[in-house]
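Enquirer: Have a peek at start-v3.txt (compact mmCIF, C-alpha atoms and all ligand atoms).
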# COMPACT_ATOMS: atom_id res chain seq x y z
CA MET A 117 76.16 76.24 111.91
CA GLU A 118 74.57 73.94 109.38
CA LEU A 119 76.67 73.60 106.23
CA ILE A 120 73.69 74.37 104.05
CA GLU A 121 73.10 77.60 105.97
CA ALA A 122 76.69 78.66 105.28
CA ILE A 123 76.41 77.76 101.60
CA TYR A 124 73.29 79.87 101.20
CA GLY A 125 74.20 82.64 103.63
CA ARG A 126 77.79 83.48 102.64
CA ARG A 127 78.04 86.75 100.74
CA ALA A 128 80.87 88.65 99.12
CA THR A 129 81.58 91.21 101.85
CA ARG A 130 82.80 94.67 100.89
CA ALA A 131 82.42 96.70 104.09
CA PHE A 132 84.38 95.98 107.26
CA THR A 133 84.84 97.36 110.73
CA ALA A 134 88.38 98.30 111.80
CA GLU A 135 88.46 95.37 114.25
CA PRO A 136 91.37 93.05 113.49
CA VAL A 137 90.81 89.31 113.06
CA ASP A 138 92.56 87.24 115.72
CA LYS A 139 95.55 85.24 114.59
CA SER A 140 93.97 82.08 116.00
CA VAL A 141 90.86 82.66 113.85
CA LEU A 142 92.99 83.17 110.74
CA GLU A 143 94.78 79.92 111.57
CA PHE A 144 91.40 78.22 111.93
CA LEU A 145 90.45 79.45 108.45
CA VAL A 146 93.65 78.08 106.95
CA GLU A 147 93.03 74.74 108.66
CA ALA A 148 89.51 74.66 107.19
CA ALA A 149 90.92 75.54 103.76
CA ILE A 150 93.34 72.62 103.73
CA GLN A 151 90.52 70.15 104.40
CA ALA A 152 89.56 70.62 100.74
CA PRO A 153 90.12 67.80 98.29
CA SER A 154 93.08 68.12 95.93
CA ALA A 155 94.10 66.32 92.77
CA VAL A 156 96.10 63.18 93.57
CA ASN A 157 96.01 64.40 97.16
CA GLU A 158 98.92 66.70 96.36
CA GLN A 159 97.77 69.33 98.88
CA PRO A 160 99.80 71.89 96.92
CA TRP A 161 98.66 74.91 98.92
CA ASP A 162 100.65 77.83 100.21
CA PHE A 163 99.11 80.65 102.27
CA THR A 164 100.22 84.23 102.77
CA VAL A 165 98.36 86.15 105.46
CA ILE A 166 98.79 89.90 105.10
CA ARG A 167 97.74 92.13 107.98
CA SER A 168 100.10 95.02 107.30
CA LYS A 169 98.02 98.02 106.25
CA PRO A 170 100.87 99.66 104.32
CA LEU A 171 101.36 96.44 102.34
CA LEU A 172 97.62 96.08 101.67
CA ASP A 173 97.55 99.70 100.47
CA ARG A 174 100.56 99.11 98.26
CA ILE A 175 99.03 96.01 96.67
CA SER A 176 95.73 97.83 96.11
CA SER A 177 97.45 100.73 94.31
CA ALA A 178 99.75 98.52 92.26
CA ALA A 179 96.96 96.13 91.26
CA LYS A 180 94.68 98.98 90.20
CA ALA A 181 97.41 100.51 88.04
CA HIS A 182 98.21 97.08 86.58
CA VAL A 183 94.59 96.35 85.61
CA LEU A 184 94.18 99.84 84.10
CA LYS A 185 97.20 99.47 81.87
CA ALA A 186 96.09 96.05 80.58
CA ASN A 187 95.95 95.84 76.80
CA GLN A 188 92.75 95.99 74.79
CA ASP A 189 92.01 92.24 75.09
CA ASN A 190 91.88 92.10 78.88
CA ALA A 191 90.95 95.72 79.60
CA PRO A 192 88.30 96.08 82.34
CA PRO A 193 84.73 96.96 81.25
CA PRO A 194 83.79 100.66 81.61
CA HIS A 195 81.86 100.28 84.89
CA LEU A 196 84.85 98.60 86.56
CA ARG A 197 87.31 101.04 84.99
CA GLU A 198 85.40 103.85 86.67
CA HIS A 199 85.97 102.23 90.09
CA LEU A 200 89.61 101.57 89.40
CA GLU A 201 90.26 105.13 88.30
CA ASN A 202 88.83 106.47 91.54
CA PRO A 203 91.79 107.15 93.88
CA ASP A 204 89.52 106.46 96.90
CA PHE A 205 88.62 102.97 95.71
CA HIS A 206 90.54 100.38 97.73
CA ILE A 207 90.36 96.97 96.08
CA PHE A 208 90.43 95.31 99.53
CA TYR A 209 87.70 97.58 100.94
CA HIS A 210 89.99 98.29 103.93
CA ALA A 211 89.60 94.73 105.19
CA PRO A 212 92.01 94.01 108.07
CA ALA A 213 93.40 90.84 106.49
CA LEU A 214 94.11 89.33 103.10
CA ILE A 215 94.83 85.64 102.68
CA VAL A 216 96.43 84.74 99.37
CA ILE A 217 96.11 81.07 98.51
CA SER A 218 98.80 79.94 96.11
CA ALA A 219 99.43 76.46 94.76
CA ARG A 220 102.45 74.62 93.41
CA SER A 221 102.46 75.09 89.63
CA GLY A 222 100.90 72.11 87.90
CA ASP A 223 97.88 70.94 85.97
CA TRP A 224 95.48 71.33 88.90
CA ALA A 225 96.85 74.37 90.72
CA VAL A 226 93.82 76.56 90.05
CA GLU A 227 91.31 73.82 90.92
CA ASP A 228 93.06 72.90 94.16
CA ALA A 229 93.48 76.49 95.33
CA SER A 230 89.89 77.34 94.42
CA LEU A 231 88.50 74.45 96.44
CA ALA A 232 90.56 75.58 99.41
CA ALA A 233 89.27 79.11 98.84
CA GLU A 234 85.61 78.12 99.05
CA ASN A 235 86.26 76.15 102.24
CA LEU A 236 87.96 79.19 103.70
CA MET A 237 85.11 81.53 102.79
CA LEU A 238 82.47 79.20 104.21
CA ALA A 239 84.46 78.75 107.41
CA ALA A 240 84.81 82.53 107.70
CA TYR A 241 81.05 82.90 107.42
CA ALA A 242 80.52 80.22 110.06
CA ARG A 243 82.73 82.32 112.36
CA GLY A 244 80.68 85.48 111.76
CA LEU A 245 83.28 86.96 109.41
CA GLY A 246 82.88 88.37 105.94
CA SER A 247 85.12 87.47 103.02
CA CYS A 248 85.51 88.19 99.33
CA TRP A 249 87.73 86.80 96.59
CA ILE A 250 89.49 89.82 95.05
CA GLY A 251 90.18 89.00 91.43
CA PHE A 252 91.41 92.57 90.85
CA ALA A 253 94.56 91.66 92.78
CA GLN A 254 95.38 88.50 90.86
CA ARG A 255 97.10 89.74 87.70
CA TRP A 256 99.48 91.96 89.65
CA LEU A 257 100.21 89.29 92.28
CA GLU A 258 101.24 87.00 89.41
CA THR A 259 103.95 89.45 88.30
CA GLU A 260 107.50 89.10 89.58
CA GLU A 261 107.03 92.25 91.66
CA GLY A 262 103.76 90.97 93.12
CA ARG A 263 105.11 87.53 93.92
CA GLU A 264 108.12 89.09 95.60
CA ALA A 265 105.93 91.49 97.62
CA ILE A 266 104.11 88.59 99.27
CA GLY A 267 106.92 86.02 99.21
CA VAL A 268 105.34 83.40 96.92
CA PRO A 269 107.93 80.64 96.36
CA GLN A 270 109.35 80.26 92.83
CA ASP A 271 107.41 77.15 91.79
CA PHE A 272 104.08 78.36 93.16
CA VAL A 273 101.36 80.43 91.56
CA PRO A 274 99.11 82.86 93.47
CA VAL A 275 95.48 81.96 92.72
CA ALA A 276 93.01 83.21 95.31
CA PRO A 277 93.38 86.55 97.15
CA ILE A 278 90.66 86.56 99.80
CA ILE A 279 89.91 89.42 102.16
CA VAL A 280 88.58 88.62 105.61
CA GLY A 281 87.16 90.83 108.33
CA HIS A 282 84.22 91.70 110.53
CA PRO A 283 81.34 92.92 108.35
CA SER A 284 80.19 96.45 109.17
CA GLU A 285 76.80 95.91 107.55
CA PRO A 286 74.80 92.94 106.32
CA MET A 287 75.35 92.18 102.65
CA PRO A 288 72.18 91.95 100.58
CA PRO A 289 71.38 88.61 98.96
CA VAL A 290 72.64 88.20 95.42
CA PRO A 291 70.02 86.44 93.31
CA ARG A 292 71.13 83.49 91.23
CA ASN A 293 70.10 82.86 87.67
CA ARG A 294 68.30 79.62 87.08
CA ALA A 295 70.79 76.80 86.67
CA ARG A 296 71.35 75.68 83.11
CA LEU A 297 70.55 72.05 83.64
CA ARG A 298 70.26 69.18 81.22
CA TRP A 299 68.90 65.79 82.17
CA LEU A 300 70.15 62.93 80.05
CA ASP A 301 68.12 60.04 81.42
C1 LIG B 1 87.20 84.62 90.91
C2 LIG B 1 86.44 85.74 91.58
C3 LIG B 1 86.91 87.04 91.50
C4 LIG B 1 86.24 88.07 92.16
N1 LIG B 1 86.79 89.31 92.16
C5 LIG B 1 86.19 90.30 92.85
C6 LIG B 1 86.81 91.59 92.94
O1 LIG B 1 87.90 91.84 92.43
N2 LIG B 1 86.17 92.54 93.66
C7 LIG B 1 84.96 92.32 94.28
O2 LIG B 1 84.44 93.23 94.91
N3 LIG B 1 84.36 91.11 94.22
C8 LIG B 1 84.95 90.09 93.53
N4 LIG B 1 84.39 88.85 93.51
C9 LIG B 1 83.12 88.59 94.23
C10 LIG B 1 81.95 88.43 93.26
O3 LIG B 1 81.65 89.67 92.69
C11 LIG B 1 80.77 87.84 94.02
O4 LIG B 1 81.11 86.55 94.48
C12 LIG B 1 79.51 87.77 93.16
O5 LIG B 1 79.05 89.07 92.88
C13 LIG B 1 78.38 86.98 93.81
O6 LIG B 1 78.07 87.51 95.09
P1 LIG B 1 78.11 86.57 96.39
O7 LIG B 1 79.52 86.06 96.53
O8 LIG B 1 77.67 87.44 97.52
O9 LIG B 1 77.17 85.45 96.14
C14 LIG B 1 85.05 87.80 92.88
C15 LIG B 1 84.57 86.48 92.95
C16 LIG B 1 85.25 85.47 92.33
C17 LIG B 1 84.74 84.05 92.46
Could you write out this structure as structure tokens?
Ligand SMILES: Cc1cc2nc3c(=O)[nH]c(=O)nc-3n(C[C@H](O)[C@H](O)[C@H](O)COP(=O)(O)O)c2cc1C
Expert:
Amino acid sequence: MELIEAIYGRRATRAFTAEPVDKSVLEFLVEAAIQAPSAVNEQPWDFTVIRSKPLLDRISSAAKAHVLKANQDNAPPPHLREHLENPDFHIFYHAPALIVISARSGDWAVEDASLAAENLMLAAYARGLGSCWIGFAQRWLETEEGREAIGVPQDFVPVAPIIVGHPSEPMPPVPRNRARLRWLD
């Protein structure tokens, strides 16, 4: 697949079939992720691949509760609160796999993990898979309980929880706003 086709065609995927994703394909995605650039070539990445349904369910429930009890400043907006309060809403949309990209704590942890995340999502698309970064999971994964649940090492920070699976329906295009662009010639 042409890179440009993947860049324009990838969509946040929120509906999956029950078909599992092969281990070899998940390994391929991790290999694609680590081809990303990183500050000072630190390659500070750490990957957790979760395929256990009970664990995915547990993280979904805990993360929803965590976001809902956030204080006033970082409380979710009403339309998201409505989703989170719905007991049937699964933050991972029943995807068969979740890959959490963590990075060694440091000045560039978020940048490095995010670059790896985009590589991973583009590679997933190139393999006919759907993916979506699930920000809802982040705040809970950062807690001691969350880190322990997925085995993030002490000096690492979980940054990018990304679900992966076989899409059950095509995702509609998401229009982009015009780029804010300044030319300083
Ligand atoms: C940092 C980040 C957090 C996100 N968190 C969620 C999330 O918790 N749940 C969700 O359904 N989508 C989430 N998304 C997906 C975005 O909603 C999606 O990328 C956006 O609507 C644009 O759609 P597209 O990816 O198909 O272009 C997240 C995306 C990013 C980059």
Enquirer: In terms of the shortest atom-to-atom distance over all atoms listed in the file, which of A:Ile166, A:Ile150, A:Cys248, A:Ala225 is closest to ligand LIG 1 (chain B)?
Expert: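 Using all atoms listed in the file, ligand LIG 1 (chain B) sits closest to A:Cys248.
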Enquirer: CA of Val290 (chain A) and CA of Leu214 (chain A) are how many Å apart?
Expert: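 Atom-to-atom, CA of Val290 (chain A) and CA of Leu214 (chain A) are spaced 22.8 Å apart.
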Enquirer: Applying 10 Å and all atoms listed in the file, which residues near Ile266 (chain A) remain after dropping the ones on its own chain fewer than 2 positions away? List them as a ChimeraX atom specification.
Expert: /A:163-166,171,175,216,257,261-264,268-269,274
Enquirer: Just how far from CA of Asn190 (chain A) is CA of Ser177 (chain A), in Å to one decimal?
Expert: 18.5 Å
Enquirer: For a test of reading the model, state the distance in Å between CA of Leu196 (chain A) and CA of Pro288 (chain A), rounded to one decimal.
Expert: 20.0 Å
Enquirer: Counting only C-alpha atoms, which residue out of A:Glu143, A:Glu121, A:Asp162, A:Glu260 sits closest to Pro277 (chain A)?
Expert: A:Asp162
Enquirer: Quick one: residues within 12 Å of ligand LIG 1 (chain B), with all atoms listed in the file, as a PyMOL selection string?
Expert: chain A and resi 122-131+176+179-180+183+192+196-197+199-200+205-211+226-227+229-231+233-234+237-238+241+246-256+275-279+286-293
Enquirer: What are the centre and the three edge lengths of an axis-aligned box that wraps all atoms of region 223-238 of chain A in the file, given that 6 Å is added to every side, written as AutoDock Vina command-line options and rounded to one decimal in Å?
Expert:
--center_x 90.2 --center_y 76.2 --center_z 95.1 --size_x 27.4 --size_y 22.6 --size_z 30.2
Enquirer: Can you tell me, as a PyMOL selection string, which residues sit within 10 Å of (92.2, 85.3, 110.9) in the file's frame, using only C-alpha atoms?
Expert: chain A and resi 136-146+165-167+212-215+240+245+279-281
Enquirer: Sort by chain and increasing residue number a table of all residues of region 145-198 of chain A within 12 Å of region 220-224 of chain A, each with its closest pair of atoms and their distance in Å to one decimal, counting all atoms listed in the file, and write it as JSON lines.
Expert:
{"residue": "A:Pro153", "atom": "CA", "partner": "A:Trp224", "partner_atom": "CA", "distance": 11.4}
{"residue": "A:Ser154", "atom": "CA", "partner": "A:Trp224", "partner_atom": "CA", "distance": 8.1}
{"residue": "A:Ala155", "atom": "CA", "partner": "A:Trp224", "partner_atom": "CA", "distance": 6.5}
{"residue": "A:Val156", "atom": "CA", "partner": "A:Trp224", "partner_atom": "CA", "distance": 9.4}
{"residue": "A:Asn157", "atom": "CA", "partner": "A:Trp224", "partner_atom": "CA", "distance": 10.8}
{"residue": "A:Glu158", "atom": "CA", "partner": "A:Arg220", "partner_atom": "CA", "distance": 9.2}
{"residue": "A:Gln159", "atom": "CA", "partner": "A:Arg220", "partner_atom": "CA", "distance": 8.9}
{"residue": "A:Pro160", "atom": "CA", "partner": "A:Arg220", "partner_atom": "CA", "distance": 5.2}
{"residue": "A:Trp161", "atom": "CA", "partner": "A:Arg220", "partner_atom": "CA", "distance": 6.7}
{"residue": "A:Asp162", "atom": "CA", "partner": "A:Arg220", "partner_atom": "CA", "distance": 7.7}
{"residue": "A:Phe163", "atom": "CA", "partner": "A:Arg220", "partner_atom": "CA", "distance": 11.2}
Enquirer: Choose the residue, out of A:Val273, A:Ala148, A:Met117, A:Ala134, that has the smallest atom-to-atom separation from Ala239 (chain A); count all atoms listed in the file.
Expert: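 Once distances to Ala239 (chain A) are computed over all atoms listed in the file, the minimum belongs to A:Ala148.
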Enquirer: Between A:Pro170, A:Leu119, A:Ala152, A:Asp301, which has the minimum distance to Leu236 (chain A) (counting only C-alpha atoms)?
Expert: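 Of A:Pro170, A:Leu119, A:Ala152, A:Asp301, the one nearest Leu236 (chain A), counting only C-alpha atoms, is A:Ala152.
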Enquirer: Find, counting all atoms listed in the file, the residue in A:Asn235, A:Ala186, A:Ser284, A:Ser168 that gets nearest to Glu135 (chain A).
Expert: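 So, comparing all the options, the nearest one is A:Ser284.
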Enquirer: From the list A:Asp204, A:Gly267, A:Lys169, A:Ala242, which residue is nearest Ile120 (chain A) when using all atoms listed in the file?
Expert: A:Ala242
